[in-house]
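Data file: target.cif. Format and content: mmCIF, C-alpha atoms.
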data_start
loop_
_atom_site.group_PDB
_atom_site.id
_atom_site.type_symbol
_atom_site.label_atom_id
_atom_site.label_comp_id
_atom_site.auth_asym_id
_atom_site.auth_seq_id
_atom_site.Cartn_x
_atom_site.Cartn_y
_atom_site.Cartn_z
ATOM 1 C CA ASP A 28 9.242 -7.284 -5.876
ATOM 2 C CA SER A 29 11.929 -4.599 -6.203
ATOM 3 C CA GLY A 30 14.537 -6.569 -4.271
ATOM 4 C CA VAL A 31 14.641 -4.015 -1.456
ATOM 5 C CA THR A 32 13.012 -5.441 1.660
ATOM 6 C CA GLN A 33 11.571 -3.276 4.390
ATOM 7 C CA THR A 34 10.100 -4.396 7.688
ATOM 8 C CA PRO A 35 7.692 -3.910 9.267
ATOM 9 C CA LYS A 36 5.138 -2.928 6.613
ATOM 10 C CA HIS A 37 2.887 -1.277 9.161
ATOM 11 C CA LEU A 38 3.563 -0.065 12.669
ATOM 12 C CA ILE A 39 1.237 1.627 15.134
ATOM 13 C CA THR A 40 2.672 3.090 18.293
ATOM 14 C CA ALA A 41 2.129 5.832 20.851
ATOM 15 C CA THR A 42 3.714 9.233 21.306
ATOM 16 C CA GLY A 43 6.977 9.147 23.191
ATOM 17 C CA GLN A 44 7.831 5.636 22.059
ATOM 18 C CA ARG A 45 10.788 4.411 20.022
ATOM 19 C CA VAL A 46 10.698 2.236 16.901
ATOM 20 C CA THR A 47 13.219 0.659 14.564
ATOM 21 C CA LEU A 48 12.650 0.250 10.846
ATOM 22 C CA ARG A 49 14.742 -2.245 8.941
ATOM 23 C CA CYS A 50 15.903 -2.350 5.345
ATOM 24 C CA SER A 51 17.757 -4.948 3.311
ATOM 25 C CA PRO A 52 19.122 -3.509 0.089
ATOM 26 C CA ARG A 53 18.961 -5.177 -3.296
ATOM 27 C CA SER A 54 21.670 -7.757 -3.772
ATOM 28 C CA GLY A 55 24.871 -6.077 -4.918
ATOM 29 C CA ASP A 56 23.817 -2.567 -3.892
ATOM 30 C CA LEU A 57 26.194 -0.852 -1.482
ATOM 31 C CA SER A 58 24.302 2.356 -0.824
ATOM 32 C CA VAL A 59 21.146 2.768 1.252
ATOM 33 C CA TYR A 60 18.941 5.843 1.458
ATOM 34 C CA TRP A 61 16.102 6.673 3.835
ATOM 35 C CA TYR A 62 13.183 8.908 2.856
ATOM 36 C CA GLN A 63 10.121 10.152 4.698
ATOM 37 C CA GLN A 64 6.835 10.749 2.881
ATOM 38 C CA SER A 65 3.977 12.309 4.817
ATOM 39 C CA LEU A 66 0.427 11.901 3.521
ATOM 40 C CA ASP A 67 0.200 13.065 -0.089
ATOM 41 C CA GLN A 68 3.507 14.888 0.213
ATOM 42 C CA GLY A 69 6.824 14.631 -1.557
ATOM 43 C CA LEU A 70 9.876 12.621 -0.605
ATOM 44 C CA GLN A 71 12.011 14.088 2.154
ATOM 45 C CA PHE A 72 15.565 12.783 2.109
ATOM 46 C CA LEU A 73 16.762 11.758 5.554
ATOM 47 C CA ILE A 74 20.136 10.068 5.249
ATOM 48 C CA GLN A 75 22.376 7.975 2.990
ATOM 49 C CA TYR A 76 24.909 5.281 3.806
ATOM 50 C CA TYR A 77 27.498 3.805 1.514
ATOM 51 C CA ASN A 78 29.224 0.567 2.440
ATOM 52 C CA GLY A 79 28.688 1.171 6.142
ATOM 53 C CA GLU A 80 29.652 4.836 6.242
ATOM 54 C CA GLU A 81 27.357 7.843 6.418
ATOM 55 C CA ARG A 82 27.534 9.558 3.020
ATOM 56 C CA ALA A 83 24.990 12.358 3.111
ATOM 57 C CA LYS A 84 22.531 13.828 5.554
ATOM 58 C CA GLY A 85 19.256 15.526 4.747
ATOM 59 C CA ASN A 86 16.482 16.840 6.942
ATOM 60 C CA ILE A 87 16.855 14.205 9.613
ATOM 61 C CA LEU A 88 15.699 15.139 13.100
ATOM 62 C CA GLU A 89 18.023 14.656 16.061
ATOM 63 C CA ARG A 90 15.481 12.187 17.469
ATOM 64 C CA PHE A 91 16.155 9.982 14.446
ATOM 65 C CA SER A 92 19.295 7.972 13.815
ATOM 66 C CA ALA A 93 20.385 5.328 11.373
ATOM 67 C CA GLN A 94 23.195 2.944 10.650
ATOM 68 C CA GLN A 95 24.300 0.484 8.024
ATOM 69 C CA PHE A 96 25.715 -2.815 9.194
ATOM 70 C CA PRO A 97 28.564 -4.912 7.708
ATOM 71 C CA ASP A 98 26.048 -7.105 5.887
ATOM 72 C CA LEU A 99 24.754 -3.828 4.321
ATOM 73 C CA HIS A 100 21.314 -3.909 5.867
ATOM 74 C CA SER A 101 20.272 -0.651 7.489
ATOM 75 C CA GLU A 102 18.137 0.395 10.407
ATOM 76 C CA LEU A 103 16.371 3.695 11.025
ATOM 77 C CA ASN A 104 15.673 4.435 14.672
ATOM 78 C CA LEU A 105 12.944 6.912 15.538
ATOM 79 C CA SER A 106 12.653 7.971 19.174
ATOM 80 C CA SER A 107 10.463 10.231 21.320
ATOM 81 C CA LEU A 108 7.846 9.850 18.629
ATOM 82 C CA GLU A 109 5.407 12.666 17.944
ATOM 83 C CA LEU A 110 2.121 12.667 16.051
ATOM 84 C CA GLY A 111 3.832 14.459 13.174
ATOM 85 C CA ASP A 112 6.210 11.555 12.668
ATOM 86 C CA SER A 113 3.355 9.517 11.216
ATOM 87 C CA ALA A 114 4.406 8.875 7.641
ATOM 88 C CA LEU A 115 5.617 6.360 5.103
ATOM 89 C CA TYR A 116 9.306 5.651 5.473
ATOM 90 C CA PHE A 117 10.989 4.407 2.329
ATOM 91 C CA CYS A 118 14.334 2.773 2.016
ATOM 92 C CA ALA A 119 16.076 2.798 -1.345
ATOM 93 C CA SER A 120 19.317 1.278 -2.539
ATOM 94 C CA SER A 121 21.742 1.849 -5.374
ATOM 95 C CA VAL A 122 24.813 0.117 -6.705
ATOM 96 C CA VAL A 123 27.227 2.839 -5.623
ATOM 97 C CA GLY A 124 26.925 6.162 -3.851
ATOM 98 C CA GLY A 125 26.109 9.350 -5.688
ATOM 99 C CA ALA A 126 23.291 9.939 -8.111
ATOM 100 C CA ASN A 127 22.774 6.431 -9.281
ATOM 101 C CA VAL A 128 19.388 4.975 -9.991
ATOM 102 C CA LEU A 129 17.466 4.230 -6.818
ATOM 103 C CA THR A 130 15.451 1.092 -6.214
ATOM 104 C CA PHE A 131 12.826 1.659 -3.547
ATOM 105 C CA GLY A 132 11.336 -0.758 -1.079
ATOM 106 C CA ALA A 133 7.609 -0.957 -0.436
ATOM 107 C CA GLY A 134 7.896 1.266 2.616
ATOM 108 C CA SER A 135 7.063 1.089 6.301
ATOM 109 C CA ARG A 136 3.919 2.942 7.310
ATOM 110 C CA LEU A 137 4.260 4.398 10.790
ATOM 111 C CA THR A 138 1.224 5.636 12.669
ATOM 112 C CA VAL A 139 1.789 7.475 15.934
ATOM 113 C CA LEU A 140 -1.302 7.795 18.125
ATOM 114 C CA GLY B 23 20.054 25.652 -0.816
ATOM 115 C CA GLN B 24 19.716 24.105 -4.226
ATOM 116 C CA GLN B 25 16.138 23.389 -5.220
ATOM 117 C CA VAL B 26 14.277 21.625 -7.982
ATOM 118 C CA MET B 27 10.877 23.168 -8.591
ATOM 119 C CA GLN B 28 8.278 20.898 -10.152
ATOM 120 C CA ILE B 29 4.979 22.085 -11.587
ATOM 121 C CA PRO B 30 2.085 21.690 -11.594
ATOM 122 C CA GLN B 31 1.309 20.071 -8.255
ATOM 123 C CA TYR B 32 -1.772 18.389 -9.710
ATOM 124 C CA GLN B 33 -3.102 17.892 -13.198
ATOM 125 C CA HIS B 34 -6.592 16.655 -13.924
ATOM 126 C CA VAL B 35 -7.084 15.298 -17.438
ATOM 127 C CA GLN B 36 -9.696 13.383 -19.352
ATOM 128 C CA GLU B 37 -8.535 9.968 -20.465
ATOM 129 C CA GLY B 38 -6.944 10.423 -23.862
ATOM 130 C CA GLU B 39 -5.700 13.943 -23.195
ATOM 131 C CA ASP B 40 -2.022 14.778 -22.875
ATOM 132 C CA PHE B 41 -0.131 15.453 -19.638
ATOM 133 C CA THR B 42 3.063 17.381 -19.004
ATOM 134 C CA THR B 43 5.100 18.045 -15.880
ATOM 135 C CA TYR B 44 8.073 20.391 -15.666
ATOM 136 C CA CYS B 45 11.109 20.586 -13.436
ATOM 137 C CA ASN B 46 13.403 23.580 -13.040
ATOM 138 C CA SER B 47 16.633 23.777 -11.099
ATOM 139 C CA SER B 48 18.371 26.882 -9.773
ATOM 140 C CA THR B 49 21.716 25.410 -10.803
ATOM 141 C CA THR B 50 23.123 23.120 -13.472
ATOM 142 C CA LEU B 51 22.413 19.455 -12.917
ATOM 143 C CA SER B 52 24.718 16.525 -13.610
ATOM 144 C CA ASN B 53 21.760 14.415 -14.637
ATOM 145 C CA ILE B 54 18.054 14.115 -13.970
ATOM 146 C CA GLN B 55 15.981 11.067 -13.141
ATOM 147 C CA TRP B 56 12.239 10.505 -13.334
ATOM 148 C CA TYR B 57 10.223 8.240 -11.072
ATOM 149 C CA LYS B 58 6.566 7.227 -10.942
ATOM 150 C CA GLN B 59 4.674 6.426 -7.769
ATOM 151 C CA ARG B 60 1.338 4.697 -8.202
ATOM 152 C CA PRO B 61 -1.317 5.338 -5.516
ATOM 153 C CA GLY B 62 -0.389 3.271 -2.466
ATOM 154 C CA GLY B 63 2.902 2.251 -4.035
ATOM 155 C CA HIS B 64 6.537 3.165 -3.962
ATOM 156 C CA PRO B 65 8.538 5.277 -6.427
ATOM 157 C CA VAL B 66 9.723 3.349 -9.455
ATOM 158 C CA PHE B 67 12.531 4.523 -11.701
ATOM 159 C CA LEU B 68 11.482 5.508 -15.221
ATOM 160 C CA ILE B 69 14.512 7.052 -16.894
ATOM 161 C CA GLN B 70 17.740 8.993 -16.486
ATOM 162 C CA LEU B 71 18.846 11.854 -18.739
ATOM 163 C CA VAL B 72 22.478 12.897 -18.783
ATOM 164 C CA LYS B 73 23.291 14.906 -21.900
ATOM 165 C CA SER B 74 22.386 18.495 -22.658
ATOM 166 C CA GLY B 75 19.326 18.631 -24.916
ATOM 167 C CA GLU B 76 18.699 14.905 -24.573
ATOM 168 C CA VAL B 77 15.288 13.541 -25.565
ATOM 169 C CA LYS B 78 14.213 10.000 -24.780
ATOM 170 C CA LYS B 79 10.964 8.213 -25.491
ATOM 171 C CA GLN B 80 9.267 5.287 -23.833
ATOM 172 C CA LYS B 81 6.112 4.442 -25.787
ATOM 173 C CA ARG B 82 3.748 7.359 -25.008
ATOM 174 C CA LEU B 83 6.197 9.060 -22.615
ATOM 175 C CA THR B 84 8.687 11.668 -23.843
ATOM 176 C CA PHE B 85 11.425 12.971 -21.552
ATOM 177 C CA GLN B 86 13.526 16.057 -22.273
ATOM 178 C CA PHE B 87 16.603 17.563 -20.625
ATOM 179 C CA GLY B 88 17.206 21.232 -21.356
ATOM 180 C CA GLU B 89 20.211 22.604 -23.190
ATOM 181 C CA ALA B 90 21.480 24.293 -20.030
ATOM 182 C CA LYS B 91 20.831 21.130 -17.981
ATOM 183 C CA LYS B 92 18.658 23.125 -15.605
ATOM 184 C CA ASN B 93 15.222 22.000 -16.687
ATOM 185 C CA SER B 94 13.433 18.877 -17.739
ATOM 186 C CA SER B 95 9.982 17.765 -18.763
ATOM 187 C CA LEU B 96 7.914 14.626 -19.008
ATOM 188 C CA HIS B 97 5.105 14.517 -21.554
ATOM 189 C CA ILE B 98 2.554 11.734 -21.776
ATOM 190 C CA THR B 99 0.504 11.473 -24.957
ATOM 191 C CA ALA B 100 -3.066 10.206 -24.817
ATOM 192 C CA THR B 101 -3.189 9.364 -21.122
ATOM 193 C CA GLN B 102 -4.611 6.058 -19.953
ATOM 194 C CA THR B 103 -5.890 4.989 -16.549
ATOM 195 C CA THR B 104 -2.637 3.094 -16.015
ATOM 196 C CA ASP B 105 -0.783 6.427 -16.084
ATOM 197 C CA VAL B 106 -2.423 7.585 -12.847
ATOM 198 C CA GLY B 107 0.072 8.373 -10.097
ATOM 199 C CA THR B 108 2.603 10.929 -8.988
ATOM 200 C CA TYR B 109 5.585 11.700 -11.190
ATOM 201 C CA PHE B 110 8.767 12.896 -9.506
ATOM 202 C CA CYS B 111 11.891 14.354 -11.008
ATOM 203 C CA ALA B 112 15.181 14.105 -9.131
ATOM 204 C CA GLY B 113 18.168 16.135 -10.238
ATOM 205 C CA ALA B 114 21.744 15.276 -9.359
ATOM 206 C CA ASP B 115 23.768 18.229 -8.113
ATOM 207 C CA SER B 116 27.512 18.758 -8.566
ATOM 208 C CA ASN B 117 28.170 16.334 -5.689
ATOM 209 C CA TYR B 118 25.854 13.796 -7.353
ATOM 210 C CA GLN B 119 23.341 14.078 -4.546
ATOM 211 C CA LEU B 120 19.723 13.823 -5.679
ATOM 212 C CA ILE B 121 17.423 16.805 -5.176
ATOM 213 C CA TRP B 122 13.802 15.847 -5.545
ATOM 214 C CA GLY B 123 10.969 17.806 -7.037
ATOM 215 C CA ALA B 124 7.699 17.892 -5.087
ATOM 216 C CA GLY B 125 5.956 15.693 -7.654
ATOM 217 C CA THR B 126 3.029 16.134 -10.028
ATOM 218 C CA LYS B 127 -0.066 14.089 -9.385
ATOM 219 C CA LEU B 128 -1.835 12.903 -12.534
ATOM 220 C CA ILE B 129 -5.557 12.463 -11.979
ATOM 221 C CA ILE B 130 -7.883 11.077 -14.644
ATOM 222 C CA LYS B 131 -11.310 12.702 -14.545
ATOM 223 C CA PRO B 132 -14.172 10.171 -14.319
#
This structure in structure tokens:
Amino acid sequence: DSGVTQTPKHLITATGQRVTLRCSPRSGDLSVYWYQQSLDQGLQFLIQYYNGEERAKGNILERFSAQQFPDLHSELNLSSLELGDSALYFCASSVVGGANVLTFGAGSRLTVL
Amino acid sequence: GQQVMQIPQYQHVQEGEDFTTYCNSSTTLSNIQWYKQRPGGHPVFLIQLVKSGEVKKQKRLTFQFGEAKKNSSLHITATQTTDVGTYFCAGADSNYQLIWGAGTKLIIKP
């Protein structure tokens, strides 16, 4: 157990729907990162939050949004889902922002049918 | 934009053979991190290199950071089945944002 908790572990939904993925960072970590990993592909950085504020943005689609709450947990919202959004979504946390060591959660596997 | 190129994409080895993956950046990095992702798992931090020319060892794994802080390598001696997985490098740019390599998948031939 890495200390980063992601829910749900698996999610199956239909095109056009909206889902929310949740992440609780490791205790003491202030920064949360979201990554997308399609089948057998690399890690695509989506977005980073630090202590509730957006810190950096990667290749995040406009249909996707995220936020970090005062208790430091984060949610990634994916809307108007398309087949190509099927992927593993990882949350990672670090003590502070910037290039600190990342601790990853087990991921949420999204399947869009 | 800034990129970190990682090669090879795949490497097939016999158990007991060595394995090496390389990362090259277009610009100078502040530091570089290495992660391992087992099949079906999540990336797990292995090591961070910060200094120019730094070499660190973890048992059979040797990590190097180039003198110009633009390239890095991971070498595994005498691979074992437990080494199977994808190895990612992630370089920190001047803003300390991580730029990830595409990963090298280590496959042990049956």
Fill in: Shell around B:Gln70 at 10 Å using all atoms listed in the file, local window under 4 positions removed, as a PyMOL selection string
(chain A and resi 127-128) or (chain B and resi 53-57+78+85+87+111-113)
For the selection you just gave me, I'd like the residues written to a file as a PDB file, in the coordinates of the input, keeping C-alpha atoms.
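Listing of out00.pdb after writing:
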ATOM      1  CA  ASN A 127      22.774   6.431  -9.281  1.00  0.00           C
ATOM      2  CA  VAL A 128      19.388   4.975  -9.991  1.00  0.00           C
TER       3      VAL A 128
ATOM      4  CA  ASN B  53      21.760  14.415 -14.637  1.00  0.00           C
ATOM      5  CA  ILE B  54      18.054  14.115 -13.970  1.00  0.00           C
ATOM      6  CA  GLN B  55      15.981  11.067 -13.141  1.00  0.00           C
ATOM      7  CA  TRP B  56      12.239  10.505 -13.334  1.00  0.00           C
ATOM      8  CA  TYR B  57      10.223   8.240 -11.072  1.00  0.00           C
ATOM      9  CA  LYS B  78      14.213  10.000 -24.780  1.00  0.00           C
ATOM     10  CA  PHE B  85      11.425  12.971 -21.552  1.00  0.00           C
ATOM     11  CA  PHE B  87      16.603  17.563 -20.625  1.00  0.00           C
ATOM     12  CA  CYS B 111      11.891  14.354 -11.008  1.00  0.00           C
ATOM     13  CA  ALA B 112      15.181  14.105  -9.131  1.00  0.00           C
ATOM     14  CA  GLY B 113      18.168  16.135 -10.238  1.00  0.00           C
TER      15      GLY B 113
END
Of A:Gln63, A:Phe91, A:Ala41, A:Arg49, the one sitting nearest A:Leu140 when using all atoms listed in the file is A:Ala41
- Task: Using all atoms listed in the file, find all polymer residues with an atom at most 10 Å away from the point (13.4, 5.2, 3.5); report them as number ranges by chain.
- Result: A: 33, 48-50, 59-64, 70-75, 101-103, 115-120, 131-135
Open item on the list: List as a ChimeraX atom specification the protein and nucleic acid residues near B:Val77, meaning an atom at most 9 Å away when only C-alpha atoms are counted, but skip any in the same chain fewer than 2 places from it.
Closed with: /B:71,73,75,79,84-88
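In terms of minimum interatomic distance to chain A, B:Lys127 ranks closest within B:Arg82, B:His97, B:Lys127, B:Lys92, counting only C-alpha atoms.
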For the file shown, what are the residues hit by the PyMOL selection byres ((chain B) within 8 of (chain A)), laid out as a ChimeraX atom specification? /B:55,63-67,70,114,117-120,122-125
Computed gap from atom CA of B:Gln59 to atom CA of B:Gly107 is 5.5 Å
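For the choices B:Pro132, B:Val72, B:Thr99, B:Ser47, the atom-to-atom distance to B:Gln28 is smallest for B:Ser47 when using all atoms listed in the file.
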Rebuild stretch 40-60 of chain A so that it carries N, CA, C and O atoms, then output the result as a compact mmCIF listing (two decimals), keeping the file's coordinate frame.
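The resulting file, rebuild-v7.txt, is shown below:
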# COMPACT_ATOMS: atom_id res chain seq x y z
N THR A 40 2.08 2.92 16.98
CA THR A 40 2.67 3.09 18.29
C THR A 40 2.17 4.39 18.92
O THR A 40 1.39 5.12 18.30
N ALA A 41 2.62 4.67 20.11
CA ALA A 41 2.13 5.83 20.85
C ALA A 41 3.20 6.92 20.89
O ALA A 41 4.40 6.65 20.71
N THR A 42 2.76 8.12 21.17
CA THR A 42 3.71 9.23 21.31
C THR A 42 4.70 8.91 22.42
O THR A 42 4.36 8.26 23.40
N GLY A 43 5.92 9.36 22.21
CA GLY A 43 6.98 9.15 23.19
C GLY A 43 7.73 7.84 23.04
O GLY A 43 8.78 7.66 23.65
N GLN A 44 7.21 6.94 22.23
CA GLN A 44 7.83 5.64 22.06
C GLN A 44 8.99 5.71 21.06
O GLN A 44 9.24 6.73 20.40
N ARG A 45 9.66 4.55 20.94
CA ARG A 45 10.79 4.41 20.02
C ARG A 45 10.53 3.20 19.12
O ARG A 45 10.04 2.17 19.60
N VAL A 46 10.86 3.36 17.83
CA VAL A 46 10.70 2.24 16.90
C VAL A 46 11.95 2.11 16.04
O VAL A 46 12.72 3.06 15.89
N THR A 47 12.11 0.93 15.49
CA THR A 47 13.22 0.66 14.56
C THR A 47 12.66 0.10 13.27
O THR A 47 11.89 -0.87 13.29
N LEU A 48 13.04 0.71 12.17
CA LEU A 48 12.65 0.25 10.85
C LEU A 48 13.87 -0.39 10.20
O LEU A 48 14.99 0.12 10.32
N ARG A 49 13.64 -1.48 9.49
CA ARG A 49 14.74 -2.24 8.94
C ARG A 49 14.66 -2.30 7.42
O ARG A 49 13.57 -2.35 6.85
N CYS A 50 15.83 -2.32 6.80
CA CYS A 50 15.90 -2.35 5.34
C CYS A 50 17.03 -3.25 4.90
O CYS A 50 18.17 -3.13 5.36
N SER A 51 16.73 -4.14 3.97
CA SER A 51 17.76 -4.95 3.31
C SER A 51 17.85 -4.50 1.87
O SER A 51 16.86 -4.57 1.14
N PRO A 52 19.01 -4.02 1.46
CA PRO A 52 19.12 -3.51 0.09
C PRO A 52 19.08 -4.62 -0.94
O PRO A 52 19.20 -5.81 -0.60
N ARG A 53 18.91 -4.23 -2.20
CA ARG A 53 18.96 -5.18 -3.30
C ARG A 53 20.35 -5.81 -3.35
O ARG A 53 21.35 -5.15 -3.04
N SER A 54 20.41 -7.05 -3.71
CA SER A 54 21.67 -7.76 -3.77
C SER A 54 22.66 -7.03 -4.68
O SER A 54 22.33 -6.67 -5.81
N GLY A 55 23.84 -6.77 -4.14
CA GLY A 55 24.87 -6.08 -4.92
C GLY A 55 24.90 -4.58 -4.71
O GLY A 55 25.88 -3.92 -5.10
N ASP A 56 23.84 -4.01 -4.13
CA ASP A 56 23.82 -2.57 -3.89
C ASP A 56 24.55 -2.24 -2.60
O ASP A 56 24.34 -2.88 -1.58
N LEU A 57 25.40 -1.22 -2.65
CA LEU A 57 26.19 -0.85 -1.48
C LEU A 57 25.63 0.36 -0.73
O LEU A 57 26.01 0.61 0.40
N SER A 58 24.78 1.10 -1.41
CA SER A 58 24.30 2.36 -0.82
C SER A 58 22.83 2.23 -0.42
O SER A 58 22.02 1.66 -1.14
N VAL A 59 22.51 2.78 0.74
CA VAL A 59 21.15 2.77 1.25
C VAL A 59 20.73 4.20 1.58
O VAL A 59 21.50 4.97 2.13
N TYR A 60 19.50 4.52 1.22
CA TYR A 60 18.94 5.84 1.46
C TYR A 60 17.65 5.67 2.25
O TYR A 60 16.90 4.72 2.03
